[in-house]
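J.: The structure's right below; bear with me while I get my questions together.
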Amino acid sequence: MNLEVFNDPEIVKKLSEAIKRESSKIDRTVKIMHICGTHENSIVRFGLRDLLPENINVIAGPGCPVCVTSSRDIDAIIDLALNDDVRITTFGDMLKVPGTKLSFQKARSLGADIQMTYSIFDAIEQAKSSKKPNIFFACGFETTAAPTASALMDLDIPKNFFIYSVHKYTPNGVYALLKSGKINMDGLILPGHAATISGLKVYERFVEDFGIPCVSAGFEAADILLAILLILKQLNSGTPKVENGYRRVINYEGNIRAQEALNKVFFLDSAIWRGLGEIDETGYELKDEYSRFDAKKIFKIKYSENFIEHQRGCRCAEVILGNVTPLDCPLYAKRCTPEDPIGPCMVSDEGTCKNWYDGGIE
Amino acid sequence: MCLGIAMKVVEIYDGGMDGVVEGGGVKRHCFFHMIDDLKVGDYVIVHAGCAIEKIDEEEAQENLKLIEQCLLGEENEP
Ligand code: SF4
C-alpha cells in the first residue's frame with residue numbers, strides 16, 4: 001500500500017496554495033486547534049506552520065496524556081514505591097515527569113523499584129518474572145486505555161499484576177474545557193488515533209453546541225493540511241460539521257470492539273487534569289468486576305492535598321490550553337530542557353515544549 | 001506514547017489474538033484482539049503493542065480522492 005502519497009511535495013504544495021486562497025476570504029485570524037501531541041510532532045517536523053498564511057494560527061491543545069497526568073497521582077504512586085515492596089512499571093515518557101518533589105526517575109535513585117515498559121503486554125510479562133506486586137501506572141487517552149481494557153479482558157493475568165489507571169477520555173475533557181471558556185477555537189482538528197477508538201460521532205456535539213468545524217486528520221503533511229483546508233471551507237460556507245479526513249483508518253462509529261472492551265472494564269469518573277482542575281467523566285476507573293486489579297483499592301492509596309502541579313514560572317497549564325506558546329515561557333530552553341525538565345510539557349514526545357525544543361524552535 | 005505506526009501483518013497466530021507485524025524492516029509481536037477478520041498482508045495502525053485499526057486500502061483511495069476533489073473545486077473557482 002502506497003501511503004507515501006500523503007507526503008507528496010506536489011500535493012502538499014497544492015494544498016497550501018488552496019489554503020491561502022481560502023484564507024484570503026477571511027479578514028481575521030483563524031485559530032485552529034489540534035488535540036494530539038503526535039499532530040504537533042508532525043506539524044513541527046514537516047514545518048507546516050511555515051506553509052500557512054499569516055491569519056491561520058494552528059495551535060496545540062490538551063493532546064499530551066503525560067502532560068495532563070496530575071502530580072497527585074505521580075506523588076501517590078512514588079510514595080507507595082518508596083515505602084512498600086512493590087514494582088512500578090510505566091511508559092518511558094512518564095519517567096522524567098516531575099511530581100511535587102520527585103519524578104519516577106529520581107525516586108528510582110532513592111531505591112524505588114520503577115521500570116520502564118513498552119506496553120501493557122510487556123508489563124504483564126515483567127510481572128510474570130517478578131515476585132513482587134507489579135503495578136502498571138497506566139497513562140494515556142482512549143488509544144491506550146483500549147489496549148489496557150482488552151488485555152484485562154482477554155489475557156491470563158498473573159496474580160501479582162495491578163493497574164493504577166490515569167487513563168483519560170479526550171472528547172469529554174475538551175468539551176468541558178470549551179464549555180468553561182478555558183479554551184477557544186474556530187476549528188478543531190480531531191486526534192487521528194484517539195478518534196480511531198472513539199469514532200467521530202462523539203464530536204457532533206462540538207458542532208451542535210459551539211458551531212465548531214471538526215475534521216479528523218492523519219499524521220502526514222497532506223493529512224494535516226487537508227484538515228485545515230476543510231475547516232476553512234466549512235467556515236467560509238457557514239456549514240460547520242464533523243468531517244473525516246482520515247478515512248483510511250477512522251470509521252465514523254469508531255472501533256466498536258475497543259469501545260465494548262472499554263465499557264466492560266472501565267467507567268468514567270471525574271479526574272484531575274494537571275493544572276486544569278477536576279473534569280467530570282474523563283477518568284477511566286476500573287469497574288467492580290475488575291477491582292481485583294485496581295491498585296488504588298488494593299494498596300489503599302492515600303493522597304496528599306498538598307501537591308504542586310507546576311513549579312513557579314512554568315507555563316505548562318497555559319501551553320496545554322493553547323493560550324501561550326513555549327516561547328512565552330521564560331524557562332523554555334534555558335532552565336527547562338528535555339534533559340532537565342521543569343514541567344511535563346518538556347518531557348514527552350507529545351508535549352508541546354519538547355516538540356518545539358526538538359524542532360529547534362527558538 | 002500515543003504514537004501509532006502503520007505496519008504490515010506478516011503472521012497471525014492461532015485464534016487471531018496476536019501475531020507479527022513488520023514495518024521499516026523491523027518485525028515485532030502485536031496483539032490483534034481489537035480487530036475482526038484480519039488477514040496476512042493487511043496493514044494496521046500499531047500503538048503500544050496493539051493494533052488499533054486496519055488501514056482500509058479502498059478508503060485510502062477515497063482519502064486521496066477527497067484531497068483531489070478539494071483541490072479541483074478550488075482550481076475551478078473563478
Ligand atoms: S518550557 Fe518548561 S517550564 Fe516552560 S512551560 Fe514548558 S515545560 Fe513548563
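Residue numbering restarts at 1 for every chain of the C-alpha cells, chains are lettered A, B, ... in their displayed order, and ligands are numbered from 1 as they appear.
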Based on DSSP run over this structure's backbone, return all residues of chain B in strand (DSSP E), as a ChimeraX atom specification.
T.: /B:5-12,18-23,26-31,43-47,50-55
J.: Write to file, as a short mmCIF file (atom, residue, chain, number, x, y, z; two decimals), in the first residue's frame, the residues of the selection just made, with N, CA, C and O atoms.
T.:
```cif
data_model
loop_
_atom_site.label_atom_id
_atom_site.label_comp_id
_atom_site.auth_asym_id
_atom_site.auth_seq_id
_atom_site.Cartn_x
_atom_site.Cartn_y
_atom_site.Cartn_z
N ILE B 5 1.79 3.57 14.42
CA ILE B 5 2.61 3.38 13.23
C ILE B 5 1.94 2.38 12.29
O ILE B 5 1.42 1.35 12.74
N ALA B 6 1.96 2.69 10.98
CA ALA B 6 1.39 1.76 10.00
C ALA B 6 2.34 0.59 9.80
O ALA B 6 3.52 0.78 9.51
N MET B 7 1.86 -0.63 10.02
CA MET B 7 2.69 -1.82 9.83
C MET B 7 1.89 -2.90 9.11
O MET B 7 0.66 -2.92 9.15
N LYS B 8 2.64 -3.83 8.47
CA LYS B 8 2.00 -4.89 7.70
C LYS B 8 1.92 -6.15 8.55
O LYS B 8 2.89 -6.52 9.22
N VAL B 9 0.78 -6.82 8.48
CA VAL B 9 0.62 -8.07 9.22
C VAL B 9 1.34 -9.17 8.44
O VAL B 9 1.04 -9.40 7.27
N VAL B 10 2.32 -9.83 9.08
CA VAL B 10 3.05 -10.89 8.38
C VAL B 10 2.76 -12.28 8.95
O VAL B 10 3.02 -13.29 8.31
N GLU B 11 2.21 -12.33 10.15
CA GLU B 11 1.90 -13.63 10.73
C GLU B 11 0.73 -13.47 11.69
O GLU B 11 0.67 -12.48 12.42
N ILE B 12 -0.19 -14.41 11.66
CA ILE B 12 -1.29 -14.39 12.63
C ILE B 12 -1.29 -15.74 13.35
O ILE B 12 -1.31 -16.78 12.70
N ASP B 18 -3.18 -12.68 18.35
CA ASP B 18 -1.91 -11.95 18.20
C ASP B 18 -1.12 -12.51 17.02
O ASP B 18 -1.56 -13.45 16.35
N GLY B 19 0.04 -11.91 16.77
CA GLY B 19 0.87 -12.32 15.64
C GLY B 19 2.06 -11.40 15.49
O GLY B 19 2.53 -10.82 16.47
N VAL B 20 2.51 -11.26 14.24
CA VAL B 20 3.71 -10.46 13.98
C VAL B 20 3.41 -9.40 12.93
O VAL B 20 2.72 -9.68 11.95
N VAL B 21 3.92 -8.21 13.15
CA VAL B 21 3.78 -7.13 12.17
C VAL B 21 5.16 -6.66 11.75
O VAL B 21 6.16 -6.87 12.46
N GLU B 22 5.23 -6.05 10.57
CA GLU B 22 6.51 -5.60 10.04
C GLU B 22 6.38 -4.19 9.47
O GLU B 22 5.36 -3.85 8.86
N GLY B 23 7.41 -3.40 9.72
CA GLY B 23 7.42 -2.04 9.17
C GLY B 23 8.83 -1.50 9.23
O GLY B 23 9.53 -1.71 10.22
N VAL B 26 11.57 -3.77 10.39
CA VAL B 26 11.55 -4.31 11.76
C VAL B 26 10.29 -5.17 11.96
O VAL B 26 9.20 -4.79 11.53
N LYS B 27 10.49 -6.34 12.56
CA LYS B 27 9.35 -7.19 12.87
C LYS B 27 9.07 -7.15 14.35
O LYS B 27 10.00 -7.15 15.14
N ARG B 28 7.80 -7.12 14.72
CA ARG B 28 7.51 -7.25 16.14
C ARG B 28 6.18 -7.93 16.43
O ARG B 28 5.31 -8.01 15.58
N HIS B 29 6.12 -8.38 17.66
CA HIS B 29 4.91 -9.05 18.11
C HIS B 29 3.80 -8.01 18.28
O HIS B 29 4.07 -6.87 18.64
N CYS B 30 2.57 -8.41 18.01
CA CYS B 30 1.48 -7.45 18.12
C CYS B 30 0.19 -8.17 18.50
O CYS B 30 -0.05 -9.30 18.06
N PHE B 31 -0.62 -7.52 19.31
CA PHE B 31 -1.93 -8.07 19.64
C PHE B 31 -2.97 -7.58 18.64
O PHE B 31 -2.94 -6.43 18.22
N TYR B 43 -2.72 -4.06 6.34
CA TYR B 43 -1.97 -3.05 7.08
C TYR B 43 -2.77 -2.61 8.30
O TYR B 43 -4.01 -2.51 8.22
N VAL B 44 -2.08 -2.37 9.40
CA VAL B 44 -2.76 -1.92 10.62
C VAL B 44 -2.00 -0.74 11.23
O VAL B 44 -0.83 -0.53 10.93
N ILE B 45 -2.69 0.01 12.07
CA ILE B 45 -2.02 1.02 12.88
C ILE B 45 -1.69 0.36 14.22
O ILE B 45 -2.58 -0.14 14.91
N VAL B 46 -0.39 0.33 14.56
CA VAL B 46 0.04 -0.32 15.79
C VAL B 46 0.37 0.74 16.83
O VAL B 46 1.10 1.70 16.56
N HIS B 47 -0.23 0.57 18.00
CA HIS B 47 0.01 1.52 19.08
C HIS B 47 0.24 0.74 20.37
O HIS B 47 -0.60 -0.06 20.76
N CYS B 50 -0.28 -3.02 20.22
CA CYS B 50 -1.63 -3.47 19.91
C CYS B 50 -2.10 -2.80 18.61
O CYS B 50 -1.89 -1.61 18.43
N ALA B 51 -2.71 -3.59 17.73
CA ALA B 51 -3.25 -2.98 16.51
C ALA B 51 -4.57 -2.31 16.88
O ALA B 51 -5.45 -2.94 17.45
N ILE B 52 -4.69 -1.02 16.57
CA ILE B 52 -5.92 -0.32 16.98
C ILE B 52 -6.92 -0.21 15.84
O ILE B 52 -8.09 0.01 16.06
N GLU B 53 -6.45 -0.36 14.59
CA GLU B 53 -7.40 -0.35 13.46
C GLU B 53 -6.69 -0.82 12.21
O GLU B 53 -5.47 -0.74 12.10
N LYS B 54 -7.50 -1.35 11.28
CA LYS B 54 -6.99 -1.75 9.98
C LYS B 54 -6.90 -0.51 9.09
O LYS B 54 -7.71 0.41 9.22
N ILE B 55 -5.91 -0.47 8.21
CA ILE B 55 -5.90 0.62 7.22
C ILE B 55 -6.63 0.08 5.99
O ILE B 55 -6.27 -0.96 5.46
#
```
J.: Kindly provide, as a PDB file with C-alpha atoms, in the first residue's frame, the residues of chain A having any atom no farther than 6 Å from an atom of chain B, counting only C-alpha atoms.
T.:
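Produced file iface-v2.pdb, reproduced below:
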```
ATOM      1  CA  SER A 119       3.028  -1.729  26.573  1.00  0.00           C
ATOM      2  CA  ARG A 247     -10.876   7.769   6.135  1.00  0.00           C
ATOM      3  CA  ARG A 248      -8.220   5.144   5.535  1.00  0.00           C
ATOM      4  CA  VAL A 249      -8.135   4.491   9.280  1.00  0.00           C
ATOM      5  CA  ARG A 257     -14.720  -3.828  19.706  1.00  0.00           C
ATOM      6  CA  ALA A 258     -12.431  -1.421  21.504  1.00  0.00           C
TER       7      ALA A 258
END
```
J.: Write out as a ChimeraX atom specification all residues of stretch 73-308 of chain A that backbone DSSP assigns to alpha helix (DSSP H).
T.: /A:73-83,104-109,120-128,142-154,170-179,192-198,204-210,221-237,256-265,295-298
J.: Using only C-alpha atoms and all ligand atoms, what are the residues with an atom within 10 Å of ligand 1, set out as a ChimeraX atom specification?
T.: /A:67,97-98,310-320,324-338,340-348,351-354,356-357
J.: Closest to A:Asn255 among A:Ala271, A:Ala194, A:Ile224, A:Ile35, using only C-alpha atoms?
T.: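 Among A:Ala271, A:Ala194, A:Ile224, A:Ile35, it is A:Ala194 that comes nearest to A:Asn255.
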J.: Which of these residues is nearest to A:Pro133, using only C-alpha atoms: A:Phe121, A:Ala295, A:Thr90, A:Leu232?
T.: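 Residue with the minimum atom-to-atom distance to A:Pro133: A:Ala295.
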J.: Please identify all polymer residues within 10 Å of A:Val166, counting only C-alpha atoms, omitting same-chain residues fewer than 6 positions from it, and present them as a PyMOL selection string.
T.: chain A and resi 65-66+68-70+73-74+137-141+145+271-273+282-285
J.: Restrict the selected residues to N, CA, C and O atoms and save them as a PDB file, in the first residue's frame.
T.:
```pdb
ATOM      1  N   PRO A  65      -1.157  13.079  26.934  1.00  0.00           N
ATOM      2  CA  PRO A  65      -1.667  12.427  28.140  1.00  0.00           C
ATOM      3  C   PRO A  65      -0.702  12.517  29.331  1.00  0.00           C
ATOM      4  O   PRO A  65      -1.130  12.649  30.477  1.00  0.00           O
ATOM      5  N   VAL A  66       0.591  12.464  29.017  1.00  0.00           N
ATOM      6  CA  VAL A  66       1.583  12.573  30.093  1.00  0.00           C
ATOM      7  C   VAL A  66       1.479  13.954  30.753  1.00  0.00           C
ATOM      8  O   VAL A  66       1.536  14.083  31.973  1.00  0.00           O
ATOM      9  N   VAL A  68      -1.040  15.901  31.127  1.00  0.00           N
ATOM     10  CA  VAL A  68      -2.219  16.168  31.946  1.00  0.00           C
ATOM     11  C   VAL A  68      -2.363  15.189  33.117  1.00  0.00           C
ATOM     12  O   VAL A  68      -3.367  15.193  33.819  1.00  0.00           O
ATOM     13  N   THR A  69      -1.341  14.342  33.308  1.00  0.00           N
ATOM     14  CA  THR A  69      -1.368  13.432  34.460  1.00  0.00           C
ATOM     15  C   THR A  69      -1.004  14.216  35.720  1.00  0.00           C
ATOM     16  O   THR A  69       0.064  14.827  35.791  1.00  0.00           O
ATOM     17  N   SER A  70      -1.894  14.201  36.687  1.00  0.00           N
ATOM     18  CA  SER A  70      -1.716  15.055  37.867  1.00  0.00           C
ATOM     19  C   SER A  70      -0.549  14.625  38.754  1.00  0.00           C
ATOM     20  O   SER A  70      -0.283  13.436  38.932  1.00  0.00           O
ATOM     21  N   ASP A  73      -1.349  12.028  41.448  1.00  0.00           N
ATOM     22  CA  ASP A  73      -1.208  10.608  41.151  1.00  0.00           C
ATOM     23  C   ASP A  73       0.252  10.175  41.123  1.00  0.00           C
ATOM     24  O   ASP A  73       0.604   9.096  41.598  1.00  0.00           O
ATOM     25  N   ILE A  74       1.094  11.017  40.559  1.00  0.00           N
ATOM     26  CA  ILE A  74       2.519  10.691  40.499  1.00  0.00           C
ATOM     27  C   ILE A  74       3.078  10.605  41.916  1.00  0.00           C
ATOM     28  O   ILE A  74       3.773   9.644  42.276  1.00  0.00           O
ATOM     29  N   PHE A 137       1.439   1.700  35.962  1.00  0.00           N
ATOM     30  CA  PHE A 137       0.902   3.067  36.021  1.00  0.00           C
ATOM     31  C   PHE A 137       0.419   3.394  34.616  1.00  0.00           C
ATOM     32  O   PHE A 137       1.198   3.721  33.730  1.00  0.00           O
ATOM     33  N   ALA A 138      -0.893   3.239  34.417  1.00  0.00           N
ATOM     34  CA  ALA A 138      -1.459   3.222  33.071  1.00  0.00           C
ATOM     35  C   ALA A 138      -1.916   4.602  32.642  1.00  0.00           C
ATOM     36  O   ALA A 138      -2.963   5.085  33.044  1.00  0.00           O
ATOM     37  N   CYS A 139      -1.062   5.242  31.828  1.00  0.00           N
ATOM     38  CA  CYS A 139      -1.321   6.595  31.355  1.00  0.00           C
ATOM     39  C   CYS A 139      -1.716   6.541  29.881  1.00  0.00           C
ATOM     40  O   CYS A 139      -1.309   5.642  29.171  1.00  0.00           O
ATOM     41  N   GLY A 140      -2.504   7.491  29.439  1.00  0.00           N
ATOM     42  CA  GLY A 140      -2.847   7.558  28.015  1.00  0.00           C
ATOM     43  C   GLY A 140      -4.321   7.836  27.806  1.00  0.00           C
ATOM     44  O   GLY A 140      -5.136   7.584  28.684  1.00  0.00           O
ATOM     45  N   PHE A 141      -4.636   8.357  26.635  1.00  0.00           N
ATOM     46  CA  PHE A 141      -6.036   8.590  26.269  1.00  0.00           C
ATOM     47  C   PHE A 141      -6.668   7.283  25.787  1.00  0.00           C
ATOM     48  O   PHE A 141      -6.069   6.218  25.942  1.00  0.00           O
ATOM     49  N   ALA A 145      -6.000   3.350  26.588  1.00  0.00           N
ATOM     50  CA  ALA A 145      -6.934   2.726  27.536  1.00  0.00           C
ATOM     51  C   ALA A 145      -7.564   1.479  26.916  1.00  0.00           C
ATOM     52  O   ALA A 145      -7.814   0.487  27.611  1.00  0.00           O
ATOM     53  N   ALA A 271     -11.779  13.277  36.992  1.00  0.00           N
ATOM     54  CA  ALA A 271     -10.330  13.113  37.088  1.00  0.00           C
ATOM     55  C   ALA A 271      -9.670  14.478  37.097  1.00  0.00           C
ATOM     56  O   ALA A 271     -10.200  15.430  36.518  1.00  0.00           O
ATOM     57  N   ILE A 272      -8.516  14.529  37.753  1.00  0.00           N
ATOM     58  CA  ILE A 272      -7.759  15.784  37.754  1.00  0.00           C
ATOM     59  C   ILE A 272      -6.876  15.840  36.514  1.00  0.00           C
ATOM     60  O   ILE A 272      -6.123  14.896  36.243  1.00  0.00           O
ATOM     61  N   TRP A 273      -7.010  16.913  35.771  1.00  0.00           N
ATOM     62  CA  TRP A 273      -6.118  17.164  34.631  1.00  0.00           C
ATOM     63  C   TRP A 273      -5.073  18.147  35.135  1.00  0.00           C
ATOM     64  O   TRP A 273      -5.418  19.229  35.638  1.00  0.00           O
ATOM     65  N   THR A 282     -14.120  11.976  32.870  1.00  0.00           N
ATOM     66  CA  THR A 282     -12.960  11.913  31.971  1.00  0.00           C
ATOM     67  C   THR A 282     -11.924  10.880  32.414  1.00  0.00           C
ATOM     68  O   THR A 282     -11.003  10.578  31.661  1.00  0.00           O
ATOM     69  N   GLY A 283     -12.061  10.357  33.634  1.00  0.00           N
ATOM     70  CA  GLY A 283     -11.050   9.418  34.138  1.00  0.00           C
ATOM     71  C   GLY A 283     -11.540   7.981  34.033  1.00  0.00           C
ATOM     72  O   GLY A 283     -12.600   7.649  34.552  1.00  0.00           O
ATOM     73  N   TYR A 284     -10.793   7.137  33.341  1.00  0.00           N
ATOM     74  CA  TYR A 284     -11.155   5.721  33.256  1.00  0.00           C
ATOM     75  C   TYR A 284     -10.793   5.020  34.566  1.00  0.00           C
ATOM     76  O   TYR A 284      -9.616   4.904  34.895  1.00  0.00           O
ATOM     77  N   GLU A 285     -11.824   4.585  35.313  1.00  0.00           N
ATOM     78  CA  GLU A 285     -11.576   3.822  36.548  1.00  0.00           C
ATOM     79  C   GLU A 285     -12.113   2.412  36.362  1.00  0.00           C
ATOM     80  O   GLU A 285     -13.119   2.198  35.678  1.00  0.00           O
TER      81      GLU A 285
END
```
J.: May I ask for the distance between atom CA of A:Lys20 and atom CA of A:Ser237, given in Å to one decimal place?
T.: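 Value for the atom CA of A:Lys20-atom CA of A:Ser237 distance: 16.0 Å.
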J.: Mind checking which residues fall within 12 Å of A:Leu52, counting only C-alpha atoms, ignoring those fewer than 6 positions away in the same chain, and posting them as a ChimeraX atom specification?
T.: /A:12-13,15-24,29-30,32,43,58,224-225,228-229
J.: Need to verify the contact set: A:Gly245, 8 Å, only C-alpha atoms, exclusion of same-chain residues closer than 6 positions in sequence. Can you return it as a list in words?
T.: Val215, Ser216, Ala217, Gly218, Asp223, Leu226 and Ala227 of chain A; Asn63 and Leu66 of chain B
